[in-house]
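Asker: Dumping the structure here so I can ask a few things about it.
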Amino acid sequence: MIQRAYVAALVIIASMLFASFILLNHMIGAQQREEHRVSIAETQRALSQRIVFLANAAQRAAPERQSTIVLALRQATIEFERNYAELLSETKAVPESAARLEAGTIENILYAKPFHLEYFTDGLAANSWRLIASLQTENAPVTSRLVYRGGKERAQMDERLATATMDGYSALRDRLSILSRDHLSRLVAAHRTLFAATLFVLVLVAAFIFRPMALLIGRRTDQLVEARNAMAHNAIHDGLTGLHNRVFLNYRFGTFLEEAATRGHRLAVLQFDLDRFKQINDTLGHAAGDHVLTMTAQRMRRAGGSDDVCIRLGGDEFVVIVPHALDDAGVAATAERILRLINQPIEFEGQTIHAGASAGIAFFPEDGREPSELLNHADVALYAAKKSGGGAFSFFNGELRRELEERKEIERELVMSIARRDFAVRFQPQVSLGHGAVTGIEALVRWHPPGRDFVSPAIFLPIAEKSGLMPAIGRIVFREAIVAAARWHKQGLQFGRLALNASGSELAQQDFARFLFDTLAETGLPPHRLALEIVESVILDDEKTGIAATLRTIRAAGVHLELDDFGTGYASLTHVDPRQIDRIKIDRRFVQNIQDNDQNAHIVRAVIDLADRLGIGIIAEGAETDAELAELAALGCDEVQGFGIAFPMPEDAMSAWLAGGATSLRRGDADTGENGRDAA
């Protein structure tokens with residue numbers, strides 16, 4: 001509303017200023033025209049006097065000078081008539097006008113008593129022309145055709161006529177001056193009124209529009225300043241916990257290191273991570289997760305030193321920078337104090353939450369001199385603490401440095417192997433214990449880099465996943481495995497369906513579904529002959545990553561989806577949905593020595609019953625002994641996979657195995673000599 005009022009006020013002010021400008025221009029133009037009329041009247045009065053003077057002078061002048069005076073008289077008469085015509089045009093006066101009878105009007109002076117200015121003007125001009133003609137006739141040669149026949153007595157200048165003409169033009173000049181002053185007075189009064197109205201409108205606008213607007217602008221300015229300050233604060237602080245954020249760390253970490261180097265101090269980087277945060281989010285909801293993060297931040301700030309800087313990197317990752325790390329024992333005490341407080345139970349809506357946390361510690365300058373290097377080393381130490389069971393802290397040391405260098409070397413070799421396509425695919429059959437038929441084949445990746453020993457998938461796959469190389473490796477494996485399965489399909493070999501492991505990073509690729517469908521179409525393998533094995537963390541992923549939509553598209557095309565490593569996740573039963581999953585794979589940890597572990601046997605029996613009731617297929621992996629196979633059969637798990645059936649094998653060996661139908665054959669991988677658990 002204020003904006004509309006402001007626009008309306010501007011329009012009104014602009015209109016009044018424009019009207020004032022137009023009126024002023026009109027005043028100036030009218031004044032100039034009226035001054036011009038007064039000037040013409042004054043000129044006519046002077047010309048009438050000049051005509052009389054020149055007429056008398058011409059009559060008395062000697063013959064040799066007479067022609068010059070007559071010429072001047074002629075020019076004065078012409079100007080006199082021209083000025084009179086212009087005066088009539090300017091005043092718009094006509095003899096028929098009723099104003100001629102009104103005293104004080106121009107028409108009264110021109111056409112009525114006592115002045116009859118038009119009559120005396122015409123008479124003066126006519127007398128002048130007769131005199132000019134008479135004098136020119138006298139001086140003209142005998143042979144000239146110019147002859148005046150009116151008689152010289154009629155060519156005499158009438159002094160009374162001339163006097164009356166001058167008096168008339170004097171009266172006209174005075175009348176025009178009076179009218180000009182009256183007109184100017186009216187225009188000035190109108191202009192003053194308009195000017196006063198403009199001032200009044202300005203006062204109203206200032207009082208009712210500009211003043212509220214100024215107040216509003218002042219409030220908005222204060223709000224903008226507050227918003228700017230809030231934005232500056234939010235830019236370097238975490239909105240949930242109030243701790244500094246990653247932006248602050250990136251901006252100030254280098255400064256902390258420079259100050260430590262200048263003063264010769266050690267600096268410690270403590271990186272914390274909650275051990276069971278994903279489980280809390282998935283089982284209790286994000287509100288519980290946010291509460292845990294907030295409480296963790298408060299406890300961390302309370303347990304840290306006054307000079308320590310607490311930072312939330314994102315998710316459940318936190319960093320504490322200790323700028324004056326005098327000795328390892330002091331930093332260890334700080335870490336223990338923070339962990340002891342963080343690991344205490346947290347109450348949320350009547351539930352007790354045990355989040356737990358682990359920490360990794362790296363020092364400047366011995367563990368690194370660059371921010372990224374220190375954070376990376378602290379993260380490596382954190383990972384070591386988690387591997388040892390969690391809930392504790394670990395220092396970055398020489399052994400971890402060697403492991404890190406080994407991982408970096410493996411990562412470099414993975415990049416080169418991807419370019420050379422050095423990865424091999426091995427196939428492990430899945431069979432039915434009831435009738436011995438092959439129900440599926442799982443494709444497993446193997447890597448034997450040139451010049452070094454075989455690298456276990458348990459080692460290089462996590463490195464590939466963390467470094468972002470898994471999608472490239474996965475596509476190599478997918479293509480080679482699908483090509484092999486297509487050959488078996490064309491040869492008429494019964495292999496059930498090909499099972500491929502798909503990680504979250506692979507499924508997150510925007511063109512993953514297109515790549516999969518293009519490969520199936522190119523090789524001729526029907527979609528129902530393919531199954532993707534995905535872990536529960538992928539199923540738990542939300543819609544924001546696009547993975548859920550990709551999985552729906554793939555399953556709608558006929559590709560099967562299988563839930564791998566079932567029982568090891570956080571929310572297994574809530575995501576066993578026959579609309580999303582075709583088969584469940586029981587993890588190997590429940591299968592090993594199942595004949596001697598009643599608890600695992602009960603779990604497997606419950607999972608089998610659940611799958612049967614939901615109409616979902618089930619298979620157990622990791623079956624290595626006859627006793628395990630027999631126990632699984634007794635529990636009702638018909639489909640199995642493991643060394644008790646066959647070791648993973650190359651394509652040609654798998655082809656022969658399928659052709660022979662030898663489900664009891666146990667065979668190792670001849671190419672790599674791999675055996676035991678690393679081969680799976």
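Scheme for the structure tokens: letters A, B, ... for chains in order shown; per-chain residue numbers from 1; ligand numbers from 1 in order shown.
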Compile the contact shell of A:Ala384 as a list in words: residues with an atom at most 8 Å away, counting only C-alpha atoms, same-chain residues fewer than 3 positions apart removed.
Answerer: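 Listed by chain and then number, they are Gly360, Val380, Ala381, Lys387, Ser388, Ser394 and Leu400 of chain A.
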Asker: Once DSSP has gone over the backbone, tell me which residues of stretch 292-475 of chain A are in helix (DSSP H, G or I), as a PyMOL selection string.
Answerer: chain A and resi 292-303+328-342+371-387+398-420+457-466+470-475
Asker: Residues at most 6 Å from A:Thr294, counting only C-alpha atoms, excluding those fewer than 3 positions away in the same chain, as a list in words?
Answerer: Thr241, His291 and Ala297 of chain A
Asker: Return as number ranges by chain the full set of residues in stretch 567-671 of chain A whose backbone-based DSSP assignment is strand (DSSP E or B).
Answerer: A: 583-586, 617-621, 639-641, 649
Asker: Write out, as a CSV table (one decimal), in the first residue's frame, the residues just selected, with N, CA, C and O atoms.
Answerer:
chain,number,residue,atom,x,y,z
A,583,ARG,N,14.3,-61.1,-3.3
A,583,ARG,CA,14.9,-62.2,-2.6
A,583,ARG,C,15.8,-61.6,-1.5
A,583,ARG,O,16.3,-60.5,-1.6
A,584,ILE,N,15.9,-62.4,-0.4
A,584,ILE,CA,16.7,-62.0,0.8
A,584,ILE,C,17.9,-62.9,0.8
A,584,ILE,O,17.8,-64.2,0.7
A,585,LYS,N,19.1,-62.4,1.1
A,585,LYS,CA,20.3,-63.2,1.2
A,585,LYS,C,20.7,-63.1,2.7
A,585,LYS,O,21.1,-62.0,3.2
A,586,ILE,N,20.7,-64.2,3.4
A,586,ILE,CA,21.1,-64.3,4.8
A,586,ILE,C,22.6,-64.1,4.9
A,586,ILE,O,23.3,-64.9,4.2
A,617,GLY,N,11.7,-64.7,-2.0
A,617,GLY,CA,12.7,-65.7,-2.0
A,617,GLY,C,13.8,-65.5,-1.0
A,617,GLY,O,14.0,-64.4,-0.5
A,618,ILE,N,14.5,-66.6,-0.6
A,618,ILE,CA,15.5,-66.5,0.4
A,618,ILE,C,16.7,-67.4,0.0
A,618,ILE,O,16.5,-68.5,-0.6
A,619,ILE,N,17.9,-67.0,0.3
A,619,ILE,CA,19.1,-67.7,0.0
A,619,ILE,C,20.1,-67.4,1.1
A,619,ILE,O,20.1,-66.3,1.7
A,620,ALA,N,20.9,-68.4,1.5
A,620,ALA,CA,21.9,-68.3,2.5
A,620,ALA,C,23.3,-68.3,1.9
A,620,ALA,O,23.6,-69.1,1.0
A,621,GLU,N,24.2,-67.4,2.3
A,621,GLU,CA,25.5,-67.3,1.7
A,621,GLU,C,26.5,-67.7,2.8
A,621,GLU,O,26.3,-67.6,4.0
A,639,GLU,N,17.8,-72.6,-1.0
A,639,GLU,CA,18.8,-72.0,-1.8
A,639,GLU,C,20.0,-71.6,-1.0
A,639,GLU,O,19.9,-70.9,0.0
A,640,VAL,N,21.3,-72.0,-1.5
A,640,VAL,CA,22.5,-71.7,-0.7
A,640,VAL,C,23.6,-71.3,-1.7
A,640,VAL,O,23.5,-71.6,-2.9
A,641,GLN,N,24.6,-70.6,-1.2
A,641,GLN,CA,25.8,-70.2,-1.9
A,641,GLN,C,26.9,-70.3,-1.0
A,641,GLN,O,26.9,-69.9,0.1
A,649,MET,N,34.8,-69.1,-9.8
A,649,MET,CA,35.6,-69.6,-10.9
A,649,MET,C,35.4,-68.7,-12.1
A,649,MET,O,34.5,-68.0,-12.3
Asker: Can you measure atom CA of A:Val538 to atom CA of A:Leu500 for me? One decimal in Å is fine.
Answerer: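 Atom-to-atom, atom CA of A:Val538 and atom CA of A:Leu500 are spaced 14.5 Å apart.
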Asker: Calculated over only C-alpha atoms, which of the candidates A:Ala46, A:Ile209, A:Leu135, A:Leu274 has the smallest distance to A:Ser170?
Answerer: A:Ala46
Asker: Taking only C-alpha atoms into account, name the residue in A:Val477, A:Ala623, A:Ile594, A:Ile441 that is nearest to A:Met654.
Answerer: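 That would be A:Ile441, the residue with the smallest distance to A:Met654.
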Asker: Have a look at atom CA of A:Asp598 and atom CA of A:Gly622 and let me know their distance in Å, one decimal.
Answerer: 17.5 Å
Asker: Which polymer residues have any atom within 12 Å of an atom of A:Phe396, counting only C-alpha atoms, with same-chain residues fewer than 6 positions away left out, as an mmCIF file with all heavy atoms, in the first residue's frame?
Answerer:
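Final output, saved to around_36.cif:
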data_model
loop_
_atom_site.group_PDB
_atom_site.id
_atom_site.type_symbol
_atom_site.label_atom_id
_atom_site.label_comp_id
_atom_site.auth_asym_id
_atom_site.auth_seq_id
_atom_site.Cartn_x
_atom_site.Cartn_y
_atom_site.Cartn_z
ATOM 1 N N ALA A 268 46.729 -29.745 18.021
ATOM 2 C CA ALA A 268 46.102 -31.061 17.909
ATOM 3 C C ALA A 268 44.750 -30.944 17.223
ATOM 4 O O ALA A 268 43.994 -29.998 17.474
ATOM 5 C CB ALA A 268 45.924 -31.694 19.282
ATOM 6 N N VAL A 269 44.475 -31.892 16.354
ATOM 7 C CA VAL A 269 43.186 -31.996 15.674
ATOM 8 C C VAL A 269 42.513 -33.276 16.141
ATOM 9 O O VAL A 269 43.035 -34.370 15.913
ATOM 10 C CB VAL A 269 43.349 -31.998 14.145
ATOM 11 C CG1 VAL A 269 41.996 -32.164 13.470
ATOM 12 C CG2 VAL A 269 44.026 -30.737 13.671
ATOM 13 N N LEU A 270 41.387 -33.133 16.833
ATOM 14 C CA LEU A 270 40.626 -34.275 17.320
ATOM 15 C C LEU A 270 39.361 -34.400 16.482
ATOM 16 O O LEU A 270 38.530 -33.486 16.462
ATOM 17 C CB LEU A 270 40.236 -34.099 18.795
ATOM 18 C CG LEU A 270 41.327 -34.242 19.855
ATOM 19 C CD1 LEU A 270 42.342 -33.119 19.773
ATOM 20 C CD2 LEU A 270 40.703 -34.270 21.256
ATOM 21 N N GLN A 271 39.226 -35.506 15.767
ATOM 22 C CA GLN A 271 38.044 -35.724 14.935
ATOM 23 C C GLN A 271 37.166 -36.781 15.591
ATOM 24 O O GLN A 271 37.626 -37.883 15.914
ATOM 25 C CB GLN A 271 38.436 -36.150 13.523
ATOM 26 C CG GLN A 271 37.247 -36.276 12.593
ATOM 27 C CD GLN A 271 37.644 -36.163 11.129
ATOM 28 O OE1 GLN A 271 38.718 -35.666 10.822
ATOM 29 N NE2 GLN A 271 36.796 -36.623 10.249
ATOM 30 N N ASP A 328 51.202 -35.145 24.613
ATOM 31 C CA ASP A 328 50.201 -36.128 24.212
ATOM 32 C C ASP A 328 49.238 -36.454 25.351
ATOM 33 O O ASP A 328 48.046 -36.687 25.129
ATOM 34 C CB ASP A 328 50.884 -37.405 23.734
ATOM 35 C CG ASP A 328 51.664 -37.193 22.452
ATOM 36 O OD1 ASP A 328 51.719 -36.036 21.983
ATOM 37 O OD2 ASP A 328 52.225 -38.165 21.923
ATOM 38 N N ALA A 359 37.105 -41.256 18.388
ATOM 39 C CA ALA A 359 37.895 -40.075 18.043
ATOM 40 C C ALA A 359 39.234 -40.488 17.470
ATOM 41 O O ALA A 359 39.788 -41.541 17.811
ATOM 42 C CB ALA A 359 38.103 -39.178 19.261
ATOM 43 N N GLY A 360 39.729 -39.646 16.564
ATOM 44 C CA GLY A 360 41.070 -39.799 16.016
ATOM 45 C C GLY A 360 41.844 -38.508 16.216
ATOM 46 O O GLY A 360 41.274 -37.418 16.105
ATOM 47 N N ILE A 361 43.146 -38.621 16.522
ATOM 48 C CA ILE A 361 43.945 -37.440 16.884
ATOM 49 C C ILE A 361 45.168 -37.368 15.988
ATOM 50 O O ILE A 361 45.877 -38.371 15.780
ATOM 51 C CB ILE A 361 44.369 -37.498 18.362
ATOM 52 C CG1 ILE A 361 43.137 -37.659 19.259
ATOM 53 C CG2 ILE A 361 45.160 -36.252 18.748
ATOM 54 C CD1 ILE A 361 43.475 -37.907 20.718
ATOM 55 N N ALA A 362 45.420 -36.171 15.456
ATOM 56 C CA ALA A 362 46.639 -35.905 14.679
ATOM 57 C C ALA A 362 47.240 -34.600 15.176
ATOM 58 O O ALA A 362 46.513 -33.697 15.617
ATOM 59 C CB ALA A 362 46.329 -35.821 13.190
ATOM 60 N N PHE A 363 48.583 -34.487 15.106
ATOM 61 C CA PHE A 363 49.298 -33.329 15.637
ATOM 62 C C PHE A 363 49.997 -32.552 14.529
ATOM 63 O O PHE A 363 50.497 -33.135 13.559
ATOM 64 C CB PHE A 363 50.351 -33.763 16.671
ATOM 65 C CG PHE A 363 49.780 -34.243 17.975
ATOM 66 C CD1 PHE A 363 49.587 -35.599 18.210
ATOM 67 C CD2 PHE A 363 49.423 -33.349 18.961
ATOM 68 C CE1 PHE A 363 49.066 -36.049 19.406
ATOM 69 C CE2 PHE A 363 48.897 -33.781 20.172
ATOM 70 C CZ PHE A 363 48.716 -35.140 20.391
ATOM 71 N N PHE A 364 49.999 -31.236 14.713
ATOM 72 C CA PHE A 364 50.850 -30.348 13.923
ATOM 73 C C PHE A 364 52.080 -30.031 14.769
ATOM 74 O O PHE A 364 51.954 -29.707 15.949
ATOM 75 C CB PHE A 364 50.106 -29.054 13.596
ATOM 76 C CG PHE A 364 50.960 -27.978 12.984
ATOM 77 C CD1 PHE A 364 51.173 -27.937 11.625
ATOM 78 C CD2 PHE A 364 51.561 -27.011 13.781
ATOM 79 C CE1 PHE A 364 51.966 -26.944 11.066
ATOM 80 C CE2 PHE A 364 52.350 -26.017 13.231
ATOM 81 C CZ PHE A 364 52.553 -25.987 11.867
ATOM 82 N N GLU A 366 54.107 -32.728 13.452
ATOM 83 C CA GLU A 366 54.693 -34.028 13.136
ATOM 84 C C GLU A 366 53.813 -34.887 12.237
ATOM 85 O O GLU A 366 54.325 -35.675 11.439
ATOM 86 C CB GLU A 366 55.040 -34.789 14.422
ATOM 87 C CG GLU A 366 53.861 -34.936 15.379
ATOM 88 C CD GLU A 366 53.876 -33.889 16.461
ATOM 89 O OE1 GLU A 366 54.201 -32.726 16.160
ATOM 90 O OE2 GLU A 366 53.558 -34.225 17.610
ATOM 91 N N ASP A 367 52.479 -34.748 12.344
ATOM 92 C CA ASP A 367 51.583 -35.576 11.527
ATOM 93 C C ASP A 367 51.129 -34.883 10.252
ATOM 94 O O ASP A 367 50.410 -35.475 9.446
ATOM 95 C CB ASP A 367 50.347 -35.961 12.345
ATOM 96 C CG ASP A 367 50.697 -36.884 13.505
ATOM 97 O OD1 ASP A 367 51.703 -37.607 13.386
ATOM 98 O OD2 ASP A 367 49.981 -36.859 14.521
ATOM 99 N N GLY A 368 51.505 -33.657 10.072
ATOM 100 C CA GLY A 368 51.124 -32.928 8.865
ATOM 101 C C GLY A 368 51.238 -31.439 9.081
ATOM 102 O O GLY A 368 51.112 -30.944 10.210
ATOM 103 N N GLU A 373 45.842 -32.362 5.144
ATOM 104 C CA GLU A 373 46.649 -33.501 5.577
ATOM 105 C C GLU A 373 46.335 -33.860 7.031
ATOM 106 O O GLU A 373 46.181 -35.042 7.374
ATOM 107 C CB GLU A 373 48.128 -33.154 5.413
ATOM 108 C CG GLU A 373 49.074 -34.313 5.661
ATOM 109 C CD GLU A 373 50.528 -33.931 5.457
ATOM 110 O OE1 GLU A 373 50.815 -32.713 5.394
ATOM 111 O OE2 GLU A 373 51.369 -34.837 5.373
ATOM 112 N N LEU A 374 46.224 -32.856 7.895
ATOM 113 C CA LEU A 374 45.919 -33.121 9.297
ATOM 114 C C LEU A 374 44.524 -33.732 9.454
ATOM 115 O O LEU A 374 44.335 -34.685 10.227
ATOM 116 C CB LEU A 374 46.009 -31.816 10.092
ATOM 117 C CG LEU A 374 47.428 -31.326 10.403
ATOM 118 C CD1 LEU A 374 47.387 -29.911 10.938
ATOM 119 C CD2 LEU A 374 48.105 -32.256 11.403
ATOM 120 N N LEU A 375 43.543 -33.195 8.736
ATOM 121 C CA LEU A 375 42.194 -33.751 8.810
ATOM 122 C C LEU A 375 42.151 -35.183 8.295
ATOM 123 O O LEU A 375 41.465 -36.048 8.863
ATOM 124 C CB LEU A 375 41.222 -32.872 8.023
ATOM 125 C CG LEU A 375 40.881 -31.511 8.632
ATOM 126 C CD1 LEU A 375 40.040 -30.687 7.667
ATOM 127 C CD2 LEU A 375 40.144 -31.686 9.955
ATOM 128 N N ASN A 376 42.867 -35.439 7.240
ATOM 129 C CA ASN A 376 42.906 -36.787 6.679
ATOM 130 C C ASN A 376 43.539 -37.768 7.662
ATOM 131 O O ASN A 376 43.031 -38.879 7.870
ATOM 132 C CB ASN A 376 43.678 -36.767 5.362
ATOM 133 C CG ASN A 376 43.578 -38.088 4.626
ATOM 134 O OD1 ASN A 376 42.600 -38.823 4.766
ATOM 135 N ND2 ASN A 376 44.594 -38.410 3.846
ATOM 136 N N HIS A 377 44.620 -37.350 8.306
ATOM 137 C CA HIS A 377 45.293 -38.241 9.254
ATOM 138 C C HIS A 377 44.447 -38.447 10.504
ATOM 139 O O HIS A 377 44.422 -39.553 11.068
ATOM 140 C CB HIS A 377 46.665 -37.664 9.613
ATOM 141 C CG HIS A 377 47.629 -37.728 8.470
ATOM 142 N ND1 HIS A 377 48.861 -37.112 8.479
ATOM 143 C CD2 HIS A 377 47.547 -38.340 7.255
ATOM 144 C CE1 HIS A 377 49.483 -37.331 7.342
ATOM 145 N NE2 HIS A 377 48.703 -38.067 6.576
ATOM 146 N N ALA A 378 43.769 -37.400 10.957
ATOM 147 C CA ALA A 378 42.867 -37.573 12.094
ATOM 148 C C ALA A 378 41.724 -38.519 11.732
ATOM 149 O O ALA A 378 41.279 -39.328 12.566
ATOM 150 C CB ALA A 378 42.320 -36.221 12.534
ATOM 151 N N ASP A 379 41.251 -38.447 10.494
ATOM 152 C CA ASP A 379 40.192 -39.350 10.038
ATOM 153 C C ASP A 379 40.687 -40.794 9.985
ATOM 154 O O ASP A 379 39.952 -41.720 10.324
ATOM 155 C CB ASP A 379 39.700 -38.891 8.665
ATOM 156 C CG ASP A 379 38.519 -39.701 8.177
ATOM 157 O OD1 ASP A 379 37.482 -39.704 8.864
ATOM 158 O OD2 ASP A 379 38.637 -40.351 7.117
ATOM 159 N N VAL A 380 41.937 -40.986 9.560
ATOM 160 C CA VAL A 380 42.517 -42.338 9.542
ATOM 161 C C VAL A 380 42.596 -42.890 10.962
ATOM 162 O O VAL A 380 42.267 -44.062 11.223
ATOM 163 C CB VAL A 380 43.903 -42.310 8.879
ATOM 164 C CG1 VAL A 380 44.609 -43.650 9.046
ATOM 165 C CG2 VAL A 380 43.776 -41.974 7.396
ATOM 166 N N ALA A 381 43.034 -42.044 11.908
ATOM 167 C CA ALA A 381 43.101 -42.478 13.305
ATOM 168 C C ALA A 381 41.705 -42.784 13.836
ATOM 169 O O ALA A 381 41.512 -43.734 14.616
ATOM 170 C CB ALA A 381 43.777 -41.399 14.146
ATOM 171 N N LEU A 382 40.703 -42.003 13.445
ATOM 172 C CA LEU A 382 39.321 -42.253 13.851
ATOM 173 C C LEU A 382 38.844 -43.602 13.327
ATOM 174 O O LEU A 382 38.194 -44.375 14.048
ATOM 175 C CB LEU A 382 38.423 -41.127 13.332
ATOM 176 C CG LEU A 382 36.913 -41.323 13.457
ATOM 177 C CD1 LEU A 382 36.505 -41.430 14.915
ATOM 178 C CD2 LEU A 382 36.167 -40.178 12.780
ATOM 179 N N TYR A 383 39.180 -43.897 12.088
ATOM 180 C CA TYR A 383 38.782 -45.176 11.494
ATOM 181 C C TYR A 383 39.425 -46.338 12.251
ATOM 182 O O TYR A 383 38.795 -47.375 12.480
ATOM 183 C CB TYR A 383 39.187 -45.200 10.026
ATOM 184 C CG TYR A 383 38.793 -46.448 9.289
ATOM 185 C CD1 TYR A 383 37.472 -46.695 8.959
ATOM 186 C CD2 TYR A 383 39.753 -47.395 8.925
ATOM 187 C CE1 TYR A 383 37.104 -47.842 8.283
ATOM 188 C CE2 TYR A 383 39.396 -48.548 8.250
ATOM 189 C CZ TYR A 383 38.072 -48.773 7.927
ATOM 190 O OH TYR A 383 37.714 -49.913 7.264
ATOM 191 N N ALA A 384 40.679 -46.147 12.671
ATOM 192 C CA ALA A 384 41.359 -47.184 13.450
ATOM 193 C C ALA A 384 40.667 -47.387 14.791
ATOM 194 O O ALA A 384 40.521 -48.525 15.269
ATOM 195 C CB ALA A 384 42.823 -46.805 13.648
ATOM 196 N N ALA A 385 40.222 -46.275 15.425
ATOM 197 C CA ALA A 385 39.519 -46.400 16.704
ATOM 198 C C ALA A 385 38.200 -47.140 16.525
ATOM 199 O O ALA A 385 37.803 -47.942 17.381
ATOM 200 C CB ALA A 385 39.290 -45.011 17.296
ATOM 201 N N ARG A 402 51.729 -45.929 7.404
ATOM 202 C CA ARG A 402 52.052 -46.952 6.398
ATOM 203 C C ARG A 402 50.776 -47.498 5.753
ATOM 204 O O ARG A 402 50.730 -47.708 4.530
ATOM 205 C CB ARG A 402 52.854 -48.082 7.050
ATOM 206 C CG ARG A 402 54.295 -47.710 7.371
ATOM 207 C CD ARG A 402 55.095 -48.920 7.785
ATOM 208 N NE ARG A 402 54.595 -49.490 9.042
ATOM 209 C CZ ARG A 402 54.977 -49.106 10.254
ATOM 210 N NH1 ARG A 402 55.869 -48.119 10.377
ATOM 211 N NH2 ARG A 402 54.496 -49.671 11.333
ATOM 212 N N GLU A 403 49.755 -47.723 6.577
ATOM 213 C CA GLU A 403 48.487 -48.191 6.007
ATOM 214 C C GLU A 403 47.890 -47.150 5.063
ATOM 215 O O GLU A 403 47.339 -47.499 4.011
ATOM 216 C CB GLU A 403 47.501 -48.490 7.144
ATOM 217 C CG GLU A 403 47.874 -49.688 7.992
ATOM 218 C CD GLU A 403 46.857 -49.941 9.083
ATOM 219 O OE1 GLU A 403 45.831 -49.216 9.107
ATOM 220 O OE2 GLU A 403 47.083 -50.845 9.904
ATOM 221 N N LEU A 404 48.008 -45.882 5.454
ATOM 222 C CA LEU A 404 47.482 -44.816 4.597
ATOM 223 C C LEU A 404 48.233 -44.761 3.278
ATOM 224 O O LEU A 404 47.627 -44.618 2.207
ATOM 225 C CB LEU A 404 47.586 -43.471 5.322
ATOM 226 C CG LEU A 404 47.095 -42.246 4.547
ATOM 227 C CD1 LEU A 404 45.613 -42.380 4.210
ATOM 228 C CD2 LEU A 404 47.335 -40.968 5.353
#
Asker: In Å to one decimal, how far is atom CA of A:Arg588 from atom CA of A:His528?
Answerer: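 One can read the atom CA of A:His528 to atom CA of A:Arg588 distance as 26.0 Å.
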Asker: Got a sec: who's within 8 Å of A:Val70, counting only C-alpha atoms, leaving out chain neighbours fewer than 5 positions off, as a PyMOL selection string?
Answerer: chain A and resi 54-55+58+132+135-136
Asker: Grab the residues selected above and save them as a PDB file, in the first residue's frame with C-alpha atoms.
Answerer:
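selection_4.pdb was written with the following content:
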ATOM      1  CA  LEU A  54       8.107  63.414 -44.098  1.00  0.00           C
ATOM      2  CA  ALA A  55       5.013  64.617 -46.008  1.00  0.00           C
ATOM      3  CA  ALA A  58       8.748  66.544 -49.092  1.00  0.00           C
ATOM      4  CA  ILE A 132       3.544  60.393 -52.924  1.00  0.00           C
ATOM      5  CA  LEU A 135       4.999  64.487 -55.970  1.00  0.00           C
ATOM      6  CA  GLN A 136       6.210  61.678 -58.238  1.00  0.00           C
TER       7      GLN A 136
END
Asker: Measuring between only C-alpha atoms, which one of A:Ile236, A:Leu179, A:Ala57, A:Leu563 shows the shortest distance to A:Gln31?
Answerer: A:Leu179
Asker: I need the residue nearest A:Leu629 from this list: A:Ile645, A:Ala214, A:Ala41, A:Ile51. Use only C-alpha atoms for the distance.
Answerer: A:Ile645
Asker: So that I can see what lies close to A:Phe515, please list as a PyMOL selection string the residues with an atom at most 12 Å from it, counting only C-alpha atoms and leaving out residues fewer than 4 positions away in the same chain.
Answerer: chain A and resi 471-472+474-476+478-479+482+506-507+509-511+519-522+550+554
